[in-house]
Every structure is written in C-alpha cells, then in structure tokens.
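Pasting protein-v1.txt here (compact mmCIF, C-alpha atoms):
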# COMPACT_ATOMS: atom_id res chain seq x y z
CA MET K 1 -29.48 -39.24 18.87
CA SER K 2 -28.26 -35.69 19.26
CA LEU K 3 -29.21 -32.72 17.13
CA GLU K 4 -25.56 -31.96 16.58
CA ARG K 5 -24.56 -32.34 12.99
CA LYS K 6 -22.89 -35.64 12.45
CA ASP K 7 -19.18 -35.25 11.90
CA GLU K 8 -18.32 -36.87 8.62
CA HIS K 9 -14.85 -37.62 9.86
CA ASP K 10 -16.17 -39.69 12.73
CA HIS K 11 -15.91 -42.97 10.92
CA LYS K 12 -16.39 -45.19 13.95
CA GLY K 13 -20.17 -44.97 13.81
CA TRP K 14 -20.83 -45.88 10.22
CA MET K 15 -17.99 -48.34 9.97
CA GLU K 16 -19.55 -50.46 12.70
CA SER K 17 -22.94 -50.30 11.03
CA ARG K 18 -21.54 -51.81 7.83
CA GLU K 19 -20.63 -55.41 7.36
CA LEU K 20 -17.03 -54.89 6.37
CA THR K 21 -14.51 -57.63 5.93
CA PRO K 22 -11.40 -57.29 8.10
CA VAL K 23 -9.32 -56.29 5.04
CA GLU K 24 -11.78 -53.58 4.15
CA SER K 25 -11.88 -52.10 7.64
CA VAL K 26 -8.09 -52.08 7.88
CA TYR K 27 -7.88 -50.53 4.41
CA LEU K 28 -10.39 -47.81 5.23
CA THR K 29 -8.86 -47.17 8.65
CA VAL K 30 -5.42 -46.70 7.10
CA LEU K 31 -6.70 -44.35 4.41
CA ILE K 32 -8.74 -42.32 6.89
CA TRP K 33 -5.71 -42.15 9.17
CA LEU K 34 -3.67 -40.79 6.24
CA ASP K 35 -6.46 -38.43 5.24
CA ARG K 36 -6.69 -36.92 8.70
CA ARG K 37 -2.99 -36.22 8.78
CA LEU K 38 -2.13 -35.23 5.21
CA ARG K 39 -5.42 -33.43 4.28
CA VAL K 40 -4.81 -33.91 0.56
CA VAL K 41 -8.55 -34.14 -0.04
CA ASP K 42 -9.08 -30.76 1.63
CA TYR K 43 -6.59 -29.09 -0.67
CA LEU K 44 -8.14 -30.71 -3.73
CA GLU K 45 -11.57 -29.51 -2.62
CA ILE K 46 -10.22 -25.98 -2.25
CA LEU K 47 -8.86 -26.18 -5.81
CA GLU K 48 -12.17 -27.48 -7.11
CA ASP K 49 -14.06 -24.69 -5.34
CA LEU K 50 -11.62 -22.12 -6.71
CA TYR K 51 -12.04 -23.47 -10.23
CA TYR K 52 -15.82 -23.07 -10.13
CA LYS K 53 -15.67 -19.65 -8.46
CA VAL K 54 -13.26 -18.35 -11.10
CA ASN K 55 -15.39 -19.80 -13.89
CA MET K 56 -18.52 -18.11 -12.54
CA GLN K 57 -16.72 -14.77 -12.71
CA MET K 58 -15.86 -15.09 -16.39
CA PRO K 59 -18.04 -13.15 -18.81
CA LYS K 60 -19.73 -15.21 -21.48
CA SER K 61 -17.51 -15.60 -24.47
CA HIS K 62 -18.64 -15.01 -28.02
CA THR K 63 -18.82 -18.76 -28.57
CA GLU K 64 -21.03 -19.30 -25.53
CA GLN K 65 -23.22 -16.32 -26.30
CA TYR K 66 -24.01 -17.43 -29.83
CA ASN K 67 -23.87 -21.14 -29.02
CA LEU K 68 -21.01 -21.86 -31.36
CA ASP K 69 -19.46 -24.50 -29.14
CA ASN K 70 -20.99 -27.30 -31.15
CA LYS K 71 -19.39 -25.97 -34.32
CA PHE K 72 -16.10 -24.81 -32.91
CA TRP K 73 -14.92 -26.88 -29.96
CA TYR K 74 -12.40 -28.88 -31.97
CA TRP K 75 -10.34 -25.73 -32.53
CA TYR K 76 -9.79 -25.09 -28.84
CA PRO K 77 -6.64 -27.21 -28.32
CA LEU K 78 -5.01 -25.24 -31.12
CA TYR K 79 -5.46 -22.05 -29.07
CA ALA K 80 -2.65 -23.38 -26.85
CA LEU K 81 -0.03 -23.24 -29.60
CA GLY K 82 1.06 -19.68 -28.80
CA SER K 83 1.72 -20.55 -25.17
CA PHE K 84 3.36 -23.74 -26.35
CA SER K 85 5.78 -21.77 -28.54
CA THR K 86 6.59 -19.49 -25.62
CA VAL K 87 7.32 -22.45 -23.37
CA ALA K 88 9.57 -23.96 -26.04
CA TYR K 89 11.36 -20.61 -26.35
CA VAL K 90 11.98 -20.41 -22.61
CA VAL K 91 13.23 -24.00 -22.50
CA ALA K 92 15.57 -23.32 -25.43
CA ALA K 93 16.81 -20.13 -23.74
CA ILE K 94 17.62 -21.88 -20.47
CA SER K 95 19.27 -24.92 -22.07
CA GLY K 96 21.09 -22.65 -24.53
CA ALA K 97 22.47 -20.49 -21.73
CA LEU K 98 23.81 -23.64 -20.07
CA LEU K 99 25.31 -24.90 -23.34
CA GLY K 100 27.05 -21.54 -23.66
CA PHE K 101 29.29 -22.45 -20.74
CA TYR K 102 30.90 -25.21 -22.79
CA TYR K 103 30.71 -24.14 -26.44
CA ALA K 104 33.48 -22.18 -28.14
CA PRO K 105 32.77 -20.57 -31.55
CA ALA K 106 36.22 -21.04 -33.04
CA ALA K 107 36.88 -22.42 -36.53
CA ALA K 108 40.59 -22.83 -35.81
CA ALA K 109 42.42 -26.04 -36.75
CA ALA K 110 40.67 -26.17 -40.11
CA ASP K 111 43.60 -28.11 -41.58
CA GLY K 112 41.62 -31.33 -41.69
CA SER K 113 41.57 -31.96 -37.96
CA PRO K 114 38.32 -31.07 -36.17
CA THR K 115 37.74 -27.43 -35.34
CA VAL K 116 37.51 -26.03 -31.84
CA ALA K 117 33.77 -25.48 -32.26
CA TYR K 118 33.15 -29.05 -33.38
CA ASP K 119 35.39 -30.38 -30.61
CA SER K 120 33.48 -28.43 -27.99
CA VAL K 121 30.22 -29.91 -29.27
CA MET K 122 31.80 -33.37 -29.12
CA LEU K 123 32.90 -32.61 -25.57
CA ILE K 124 29.34 -31.68 -24.62
CA MET K 125 28.00 -34.83 -26.26
CA GLY K 126 30.61 -37.28 -25.03
CA GLN K 127 32.32 -36.06 -21.87
CA LEU K 128 30.10 -33.60 -20.08
CA ASN K 129 27.72 -34.96 -17.46
CA LEU K 130 24.18 -34.64 -18.83
CA GLY K 131 25.68 -32.87 -21.85
CA TYR K 132 23.98 -35.16 -24.34
CA PHE K 133 20.70 -34.51 -22.53
CA LEU K 134 21.26 -30.76 -22.44
CA ARG K 135 22.01 -30.47 -26.14
CA SER K 136 19.08 -32.74 -26.98
CA VAL K 137 16.75 -30.58 -24.94
CA HIS K 138 18.03 -27.49 -26.76
CA ARG K 139 17.64 -29.10 -30.17
CA TRP K 140 14.20 -30.49 -29.51
CA ALA K 141 13.01 -27.23 -28.00
CA ALA K 142 14.16 -25.48 -31.17
CA GLN K 143 12.44 -27.99 -33.46
CA ILE K 144 9.24 -27.82 -31.43
CA MET K 145 9.28 -24.05 -31.34
CA VAL K 146 9.54 -23.80 -35.13
CA ALA K 147 6.71 -26.32 -35.57
CA ALA K 148 4.51 -24.72 -32.89
CA VAL K 149 5.03 -21.20 -34.24
CA PHE K 150 4.07 -22.36 -37.74
CA LEU K 151 0.96 -24.18 -36.51
CA HIS K 152 0.09 -21.15 -34.36
CA MET K 153 0.18 -19.05 -37.50
CA LEU K 154 -2.12 -21.51 -39.30
CA ARG K 155 -4.55 -21.41 -36.37
CA VAL K 156 -4.58 -17.62 -36.36
CA TYR K 157 -5.14 -17.59 -40.12
CA PHE K 158 -7.94 -20.17 -40.23
CA THR K 159 -9.86 -18.76 -37.27
CA GLY K 160 -9.58 -15.28 -38.72
CA ALA K 161 -7.85 -13.99 -35.61
CA TYR K 162 -5.62 -11.72 -37.72
CA LYS K 163 -8.56 -9.47 -38.65
CA GLU K 164 -9.22 -5.96 -37.42
CA PRO K 165 -8.25 -4.81 -34.76
CA ARG K 166 -5.42 -7.33 -34.64
CA GLU K 167 -3.58 -6.62 -37.92
CA LEU K 168 -0.58 -5.17 -36.13
CA ASN K 169 -0.08 -8.30 -34.07
CA TRP K 170 -0.30 -10.43 -37.22
CA LEU K 171 2.52 -8.40 -38.76
CA ILE K 172 4.57 -8.68 -35.57
CA GLY K 173 3.91 -12.42 -35.73
CA ILE K 174 5.34 -12.58 -39.25
CA VAL K 175 8.48 -10.85 -37.98
CA LEU K 176 8.62 -13.35 -35.10
CA ILE K 177 8.31 -16.44 -37.29
CA SER K 178 11.11 -15.08 -39.48
CA LEU K 179 13.28 -14.46 -36.42
CA THR K 180 12.53 -18.00 -35.24
CA LEU K 181 13.77 -19.38 -38.53
CA VAL K 182 16.92 -17.24 -38.40
CA PHE K 183 17.45 -18.49 -34.84
CA GLY K 184 17.21 -22.03 -36.14
CA TYR K 185 19.57 -21.39 -39.06
CA THR K 186 22.26 -19.66 -37.01
CA GLY K 187 22.07 -22.41 -34.39
CA TYR K 188 22.33 -25.05 -37.10
CA LEU K 189 25.69 -23.63 -38.21
CA LEU K 190 27.23 -23.48 -34.73
CA PRO K 191 28.48 -27.11 -34.44
CA TRP K 192 30.52 -26.39 -37.61
CA SER K 193 30.01 -29.95 -38.77
CA GLN K 194 29.68 -31.02 -42.42
CA LEU K 195 25.95 -30.35 -42.32
CA SER K 196 26.53 -26.94 -40.73
CA PHE K 197 29.30 -26.02 -43.16
CA TRP K 198 27.36 -26.83 -46.33
CA ALA K 199 24.21 -25.24 -44.96
CA GLY K 200 26.37 -22.15 -44.51
CA GLN K 201 27.62 -22.47 -48.07
CA ILE K 202 24.02 -22.58 -49.29
CA GLY K 203 23.32 -19.48 -47.21
CA VAL K 204 26.19 -17.59 -48.80
CA GLU K 205 25.09 -18.54 -52.29
CA MET K 206 21.49 -17.64 -51.57
CA SER K 207 22.65 -14.24 -50.37
CA LEU K 208 24.80 -13.78 -53.46
CA SER K 209 21.83 -14.60 -55.69
CA ILE K 210 19.97 -11.51 -54.47
CA PRO K 211 20.04 -8.87 -57.24
CA LEU K 212 22.09 -5.69 -56.67
CA ILE K 213 22.67 -6.05 -52.91
CA GLY K 214 23.65 -9.75 -52.90
CA GLU K 215 27.37 -9.23 -52.31
CA TRP K 216 26.72 -6.70 -49.60
CA VAL K 217 24.31 -9.09 -47.81
CA ALA K 218 26.79 -11.97 -48.02
CA GLN K 219 29.52 -9.77 -46.55
CA LEU K 220 27.23 -8.53 -43.79
CA MET K 221 25.70 -11.85 -42.76
CA PHE K 222 28.54 -14.29 -43.47
CA GLY K 223 31.62 -12.10 -43.29
CA GLY K 224 32.78 -12.95 -46.81
CA PHE K 225 32.03 -15.09 -49.86
CA THR K 226 33.63 -18.21 -48.44
CA LEU K 227 33.03 -19.63 -45.00
CA SER K 228 35.58 -18.72 -42.39
CA GLN K 229 36.03 -17.89 -38.74
CA ALA K 230 34.15 -14.64 -39.43
CA THR K 231 31.08 -16.62 -40.53
CA LEU K 232 31.01 -18.78 -37.42
CA GLN K 233 31.55 -15.80 -35.16
CA ARG K 234 28.74 -13.85 -36.79
CA MET K 235 26.37 -16.79 -36.48
CA TYR K 236 27.37 -17.16 -32.84
CA ILE K 237 26.79 -13.53 -31.91
CA LEU K 238 23.52 -13.45 -33.84
CA HIS K 239 22.41 -16.62 -32.05
CA VAL K 240 23.40 -15.75 -28.48
CA PHE K 241 23.24 -11.94 -28.42
CA PHE K 242 21.29 -10.16 -31.16
CA LEU K 243 18.41 -12.54 -31.72
CA PRO K 244 17.71 -13.31 -28.04
CA PHE K 245 17.33 -9.62 -27.16
CA ILE K 246 15.34 -8.72 -30.25
CA THR K 247 13.12 -11.81 -30.19
CA THR K 248 12.42 -11.63 -26.46
CA ALA K 249 11.44 -7.98 -26.75
CA ILE K 250 9.14 -8.60 -29.72
CA ILE K 251 7.58 -11.67 -28.05
CA ALA K 252 6.87 -9.47 -25.01
CA VAL K 253 5.15 -6.91 -27.24
CA HIS K 254 3.27 -9.68 -29.10
CA ILE K 255 1.94 -11.22 -25.88
CA GLY K 256 1.30 -7.79 -24.35
CA ILE K 257 -0.96 -6.88 -27.27
CA VAL K 258 -2.85 -10.18 -26.93
CA TRP K 259 -3.21 -9.42 -23.24
CA MET K 260 -4.69 -5.99 -23.95
CA GLN K 261 -6.92 -7.01 -26.84
CA GLY K 262 -7.96 -10.38 -25.50
CA ILE K 263 -8.06 -13.68 -27.34
CA ALA K 264 -9.86 -13.32 -30.67
CA GLU K 265 -13.11 -15.18 -30.93
CA PRO K 266 -13.64 -17.21 -34.10
CA HIS K 267 -14.96 -15.28 -37.08
CA MET E 1 -28.55 -50.26 6.29
CA THR E 2 -29.27 -53.49 4.51
CA GLY E 3 -29.77 -51.78 1.17
CA ASP E 4 -26.36 -50.20 1.25
CA GLN E 5 -24.47 -53.28 0.26
CA SER E 6 -25.17 -55.51 -2.66
CA ALA E 7 -25.41 -59.20 -2.13
CA GLY E 8 -22.85 -61.67 -3.31
CA THR E 9 -20.21 -61.36 -0.64
CA GLU E 10 -20.41 -65.05 0.05
CA ASP E 11 -19.73 -66.72 -3.27
CA GLY E 12 -17.26 -64.03 -4.45
CA SER E 13 -18.37 -64.30 -8.06
CA GLU E 14 -20.27 -61.03 -8.01
CA ARG E 15 -18.55 -57.74 -7.43
CA ARG E 16 -18.73 -56.51 -3.89
CA ASP E 17 -20.02 -53.01 -3.44
CA VAL E 18 -19.41 -51.01 -0.27
CA VAL E 19 -21.22 -47.72 0.16
CA VAL E 20 -19.24 -45.20 2.22
CA PRO E 21 -19.75 -41.50 3.06
CA LEU E 22 -18.65 -39.02 0.40
CA ARG E 23 -15.72 -37.77 2.41
CA VAL E 24 -14.39 -41.28 2.89
CA TYR E 25 -14.94 -42.02 -0.78
CA LYS E 26 -12.80 -39.02 -1.69
CA ALA E 27 -10.08 -40.14 0.69
CA VAL E 28 -10.18 -43.62 -0.83
CA THR E 29 -9.94 -42.29 -4.37
CA VAL E 30 -7.14 -39.82 -3.67
CA PHE E 31 -4.96 -41.99 -1.47
CA SER E 32 -5.39 -45.28 -3.29
CA THR E 33 -4.59 -43.62 -6.63
CA LEU E 34 -1.60 -41.93 -5.07
CA PHE E 35 -0.37 -45.15 -3.55
CA ALA E 36 -0.96 -47.11 -6.75
CA VAL E 37 0.92 -44.60 -8.92
CA VAL E 38 3.85 -44.34 -6.52
CA SER E 39 4.23 -48.08 -6.06
CA VAL E 40 3.91 -48.92 -9.77
CA VAL E 41 6.51 -46.29 -10.70
CA ALA E 42 8.77 -47.42 -7.85
CA GLY E 43 8.32 -51.01 -9.00
CA PHE E 44 9.43 -50.20 -12.51
CA ILE E 45 12.43 -48.31 -11.14
CA LEU E 46 13.38 -51.35 -9.06
CA VAL E 47 13.03 -53.66 -12.07
CA ASP E 48 15.21 -51.27 -14.06
CA VAL E 49 17.84 -51.25 -11.34
CA ALA E 50 17.76 -55.04 -11.03
CA THR E 51 18.20 -55.62 -14.76
CA GLN E 52 20.39 -52.57 -15.44
CA ARG E 53 17.69 -51.14 -17.68
CA ALA E 54 17.07 -54.52 -19.30
CA SER E 55 20.65 -54.62 -20.53
CA ALA E 56 22.12 -57.05 -17.99
CA PRO E 57 22.85 -60.63 -19.07
CA ALA E 58 20.67 -63.20 -17.35
CA SER E 59 23.42 -64.17 -14.93
CA GLU E 60 23.80 -60.64 -13.59
CA ILE E 61 20.16 -59.91 -12.86
CA ASP E 62 19.61 -59.01 -9.21
CA VAL E 63 16.82 -61.44 -8.44
CA PRO E 64 15.62 -60.16 -5.03
CA VAL E 65 15.42 -56.56 -6.23
CA GLY E 66 13.68 -57.66 -9.43
CA ILE E 67 11.08 -59.62 -7.49
CA ALA E 68 10.64 -56.70 -5.10
CA GLY E 69 9.97 -54.49 -8.12
CA ILE E 70 7.38 -56.83 -9.57
CA ALA E 71 5.81 -57.16 -6.13
CA CYS E 72 5.60 -53.37 -5.92
CA ILE E 73 3.84 -53.18 -9.29
CA LEU E 74 1.42 -55.92 -8.25
CA ALA E 75 0.77 -54.25 -4.90
CA GLY E 76 -0.10 -51.00 -6.64
CA THR E 77 -2.45 -52.83 -8.98
CA VAL E 78 -4.12 -54.72 -6.16
CA VAL E 79 -4.67 -51.57 -4.10
CA TYR E 80 -6.15 -49.78 -7.07
CA ALA E 81 -8.43 -52.68 -7.95
CA PHE E 82 -9.44 -53.11 -4.31
CA SER E 83 -10.45 -49.46 -4.02
CA THR E 84 -12.95 -49.78 -6.87
CA ARG E 85 -15.42 -51.60 -4.62
CA PHE E 86 -16.08 -48.46 -2.59
CA ARG E 87 -18.95 -46.27 -3.74
CA THR E 88 -20.75 -43.33 -2.28
CA GLU E 89 -24.46 -42.65 -2.02
CA GLU E 90 -26.34 -41.91 -5.24
CA MET E 91 -23.38 -43.05 -7.27
CA GLY E 92 -24.27 -45.15 -10.27
CA LYS E 93 -22.75 -48.50 -10.74
CA SER E 94 -19.78 -48.85 -13.00
CA LYS E 95 -20.28 -49.66 -16.65
CA ASP E 96 -19.40 -53.31 -16.12
CA ASP E 97 -22.37 -53.78 -13.80
CA ALA E 98 -24.92 -51.87 -15.80
CA THR E 99 -27.23 -53.95 -17.94

Any chance you could put this one into structure tokens?
Amino acid sequence: MSLERKDEHDHKGWMESRELTPVESVYLTVLIWLDRRLRVVDYLEILEDLYYKVNMQMPKSHTEQYNLDNKFWYWYPLYALGSFSTVAYVVAAISGALLGFYYAPAAAAADGSPTVAYDSVMLIMGQLNLGYFLRSVHRWAAQIMVAAVFLHMLRVYFTGAYKEPRELNWLIGIVLISLTLVFGYTGYLLPWSQLSFWAGQIGVEMSLSIPLIGEWVAQLMFGGFTLSQATLQRMYILHVFFLPFITTAIIAVHIGIVWMQGIAEPH
Amino acid sequence: MTGDQSAGTEDGSERRDVVVPLRVYKAVTVFSTLFAVVSVVAGFILVDVATQRASAPASEIDVPVGIAGIACILAGTVVYAFSTRFRTEEMGKSKDDAT
C-alpha cells in the first residue's frame, strides 16, 4: 500500500472489492466512462462551491440579524414579483416588436367588411407561421405583467417597503402601474374587433365625463368624439412608440433606485 | 468490506444497497437523472409522433414508433430506479427502509 493519496477516479480497485452483479458493474463502468469524458459533475461542483463562497460574502440581512426568518419566510417568494414583471415586460417587448412586422393600424374598409387592422390580426392568427403562438405570447405576457405589477405593489405595501427613504420609488411605481394599464388598454384596441371598438367607445365616454376638460381629453387621446382612423392611429403610436420609450426609461430609473438603495427589509 | 453491502441479494425481496465512493455516487446521480429525463421526454415525443399528438385514428397509428416511444419511457424509468440502489458512505437509508 503506497502513501500516495488514492485517486478517487481509479475505480478498478474498489469495484473489484465489491460484490457487484454484472449489470451493476456495466452500469457503473458506463457512467464512470461518461463522467471522465463529459465532466458534468466537475462543473456542478464548481457551481456549488461558487454558491457557498458567494453566500459567505453576503452581509447578514436584517431578517437574519434579528432572527425574523421564522416570522417572515413566507413573504420571500413575493420578493420576486418585481423581477417577474420586468421579465414579462421584456417578453412582451420582443414579441410585440415581431408582431409589428405584420400588423397594420388602418381602420379602412369600415363599410361592413373587416378593416385592414382586423385583417392583419387574422393573418397573424391564421396564415403566419407561428403567428398564433407569437400573438398568444404577447397577450399572455401583457396579462401576466399587469397581474405581477399589481401583486408587486401589494407586496411593497404590506411589507412596508414604501417607507422612508423609498417614498420616491413608490411614487414612480404608481406612475409605472398606470402606464402598464394604459399599455394594456391601447393594445386592447389595436385588433379593432368588436371588443376593441366598444372598449374604445367606453374610453371616449369616460373621457367626455371628465368635468371641464373632458372634450379636450377625448380629442387628444381618441382624436374625436366618435371612433375613427384617428383613434386607432393614436392608440397604435401610443402603444408602439410613446409608451415603450417612457415606460422603459421609468423602469430603468425604478430598478436603478432599488439597486442603489437595496431591497427593503420588512418593517 | 463485508459491512458495505446489505444482505438480501439472493432472494431479491429486500432492496439491494451498494455503497460506492462519493465521486462515483455523484456521477451516478447526475448521469442517470440526465439519461432518465432525456429518454422519458424523447419517449413522449416519439409517442406523439406515432399517434399524431393523440389525434390519429387507430388505423393510422405508427405502431413501431409508438412502441419505441413507450420503450424509451420505460428505459428511462428503469435506469432511474436502478440508480437508487447506489449509496455513498455515511448516507442514511431512504425513507422506505427506515423503521
């Protein structure tokens, strides 16, 4: 017996000392053969090591310091909702940019036959390869973003994360949830279907119901008191030009402030 | 080395337990899981292809491909189940064995 450290990878020695059935020795030999060539285990061990080294570097959080984990752990998954909203936003942006290659915001042919806008949506849904999938991804991303943003707001409220010194980010968040809803509304009108059209009608009437400035708001947002090409075009430009720039910029500020201030510990 | 393996290899009624070095245990876990996942997923894909996503009438089912798919799923299952007999030193027995 030599003093040299036994090489763990030298399986010959221990395999002969065990009473293995033929199937077992073949099985182990195959797996060890694979292990020696693909080294997956090595990479996983590196990841594991990295995980622990990074964790050791982290300062103790408020919850660890005051031993609040037993009272607070069930909130932790909800701390992912902000990231979740961001992911949904990015997915919607990518799928929306792709949809933009095929959609045309024209309300022409409103004489009873389908409009150009509705036809282009039908083309995406019926003719285009993966079009149904693409539009579904865009729609679901939008739905999920609205839901995640709302739940994110509830989490921030109920953990008291909006408190000093984070009031500014709370206000920015209120602007962002409003922008998300406007995003959803403008996108809802774009197919120019029956649902879209009457949702637009409701929008016009809601605008008109505002005291004093109602007519001005309806003109500005919907391009008139009845729905027309101007309405669809405004919704389109809001949805694909104004809102993306504004919302992306404000999201960047929102996340930047979180980055600087750190995640709020529970109050 | 006698204590490394539990008895019961003869009658087959008891679970066989093979103690292997840690490194080998890791290789077994990683590669058998990988193989099991890949072959079960591939098996389901084959079954889907054979039955045209379960929409084909019985006469149009591609029998060889379908059987190959089911065989794939079974192979994955068998490999995964087979790998559970390997343990490493100081590792407790699984819940089923503990009494």

Nearest to chain K among E:Val41, E:Met91, E:Cys72, E:Val30, with distances taken over all atoms listed in the file: which residue is it?
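Counting all atoms listed in the file, the residue closest to chain K is E:Val30.
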
Mind giving me the straight-line distance from CA of Leu171 in chain K to CA of Met145 in chain K in Å, one decimal?
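These atoms are spaced 18.6 Å apart.
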
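Taking CA of Met153 in chain K and CA of Tyr66 in chain K as the two end points, the separation is 25.4 Å.
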
May I have the residues within 9 Å of Ala27 in chain E as a PyMOL selection string, using all atoms listed in the file and disregarding those fewer than 4 positions away in the same chain?
(chain K and resi 28+31-32+34-35+39-41) or (chain E and resi 22-23+31-32)

In Å, how far is it from CA of Trp259 in chain K to CA of Val182 in chain K?
26.4 Å

Tell me, counting only C-alpha atoms, for each residue of chain K within 10 Å of chain E, which pair of atoms is nearest and how far apart they are in Å to one decimal, in rows ordered by chain and increasing number, as CSV.
residue,atom,partner,partner_atom,distance
K:Glu8,CA,E:Arg23,CA,6.8
K:His9,CA,E:Arg23,CA,7.5
K:His11,CA,E:Val24,CA,8.3
K:Trp14,CA,E:Val20,CA,8.2
K:Met15,CA,E:Val20,CA,8.5
K:Ser17,CA,E:Met1,CA,7.3
K:Arg18,CA,E:Met1,CA,7.3
K:Glu19,CA,E:Gln5,CA,8.3
K:Leu20,CA,E:Val18,CA,8.1
K:Thr21,CA,E:Thr9,CA,9.5
K:Val23,CA,E:Phe82,CA,9.9
K:Glu24,CA,E:Phe82,CA,8.8
K:Tyr27,CA,E:Ser83,CA,8.9
K:Leu28,CA,E:Val28,CA,7.4
K:Thr29,CA,E:Val24,CA,9.9
K:Val30,CA,E:Val28,CA,9.7
K:Leu31,CA,E:Val28,CA,6.3
K:Ile32,CA,E:Ala27,CA,6.7
K:Trp33,CA,E:Ala27,CA,9.7
K:Leu34,CA,E:Phe31,CA,7.9
K:Asp35,CA,E:Ala27,CA,6.1
K:Arg36,CA,E:Ala27,CA,9.3
K:Leu38,CA,E:Phe31,CA,9.9
K:Arg39,CA,E:Ala27,CA,8.9
K:Val40,CA,E:Val30,CA,7.6
K:Val41,CA,E:Ala27,CA,6.2
K:Asp42,CA,E:Ala27,CA,9.5
K:Leu44,CA,E:Val30,CA,9.2
K:Glu45,CA,E:Lys26,CA,9.6

Selection: 12 Å around Gln219 in chain K, all atoms listed in the file, excl. self and same-chain fewer than 3 positions, as a ChimeraX atom specification:
/K:203-205,207-208,213-216,222-228,230-231,234

Test item: axis-aligned box, all listed atoms of range 33-51 of chain E, 8 Å on each side, centre and edges in Å rounded to one decimal, as AutoDock Vina command-line options:
--center_x 6.8 --center_y -48.8 --center_z -9.2 --size_x 38.8 --size_y 29.7 --size_z 27.2

Ranking K:Phe133, K:Trp170, K:Tyr89, K:Tyr102 by minimum distance to Thr248 in chain K and counting only C-alpha atoms, which one comes first?
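Selected residue with least distance to Thr248 in chain K: K:Tyr89.
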
Take the point (22.7, -26.0, -39.8) in the file's coordinates, draw a sphere of radius 12 Å around it, and report as a PyMOL selection string every protein, DNA or RNA residue with an atom inside or on it, counting all atoms listed in the file.
chain K and resi 139+181-203+232+235
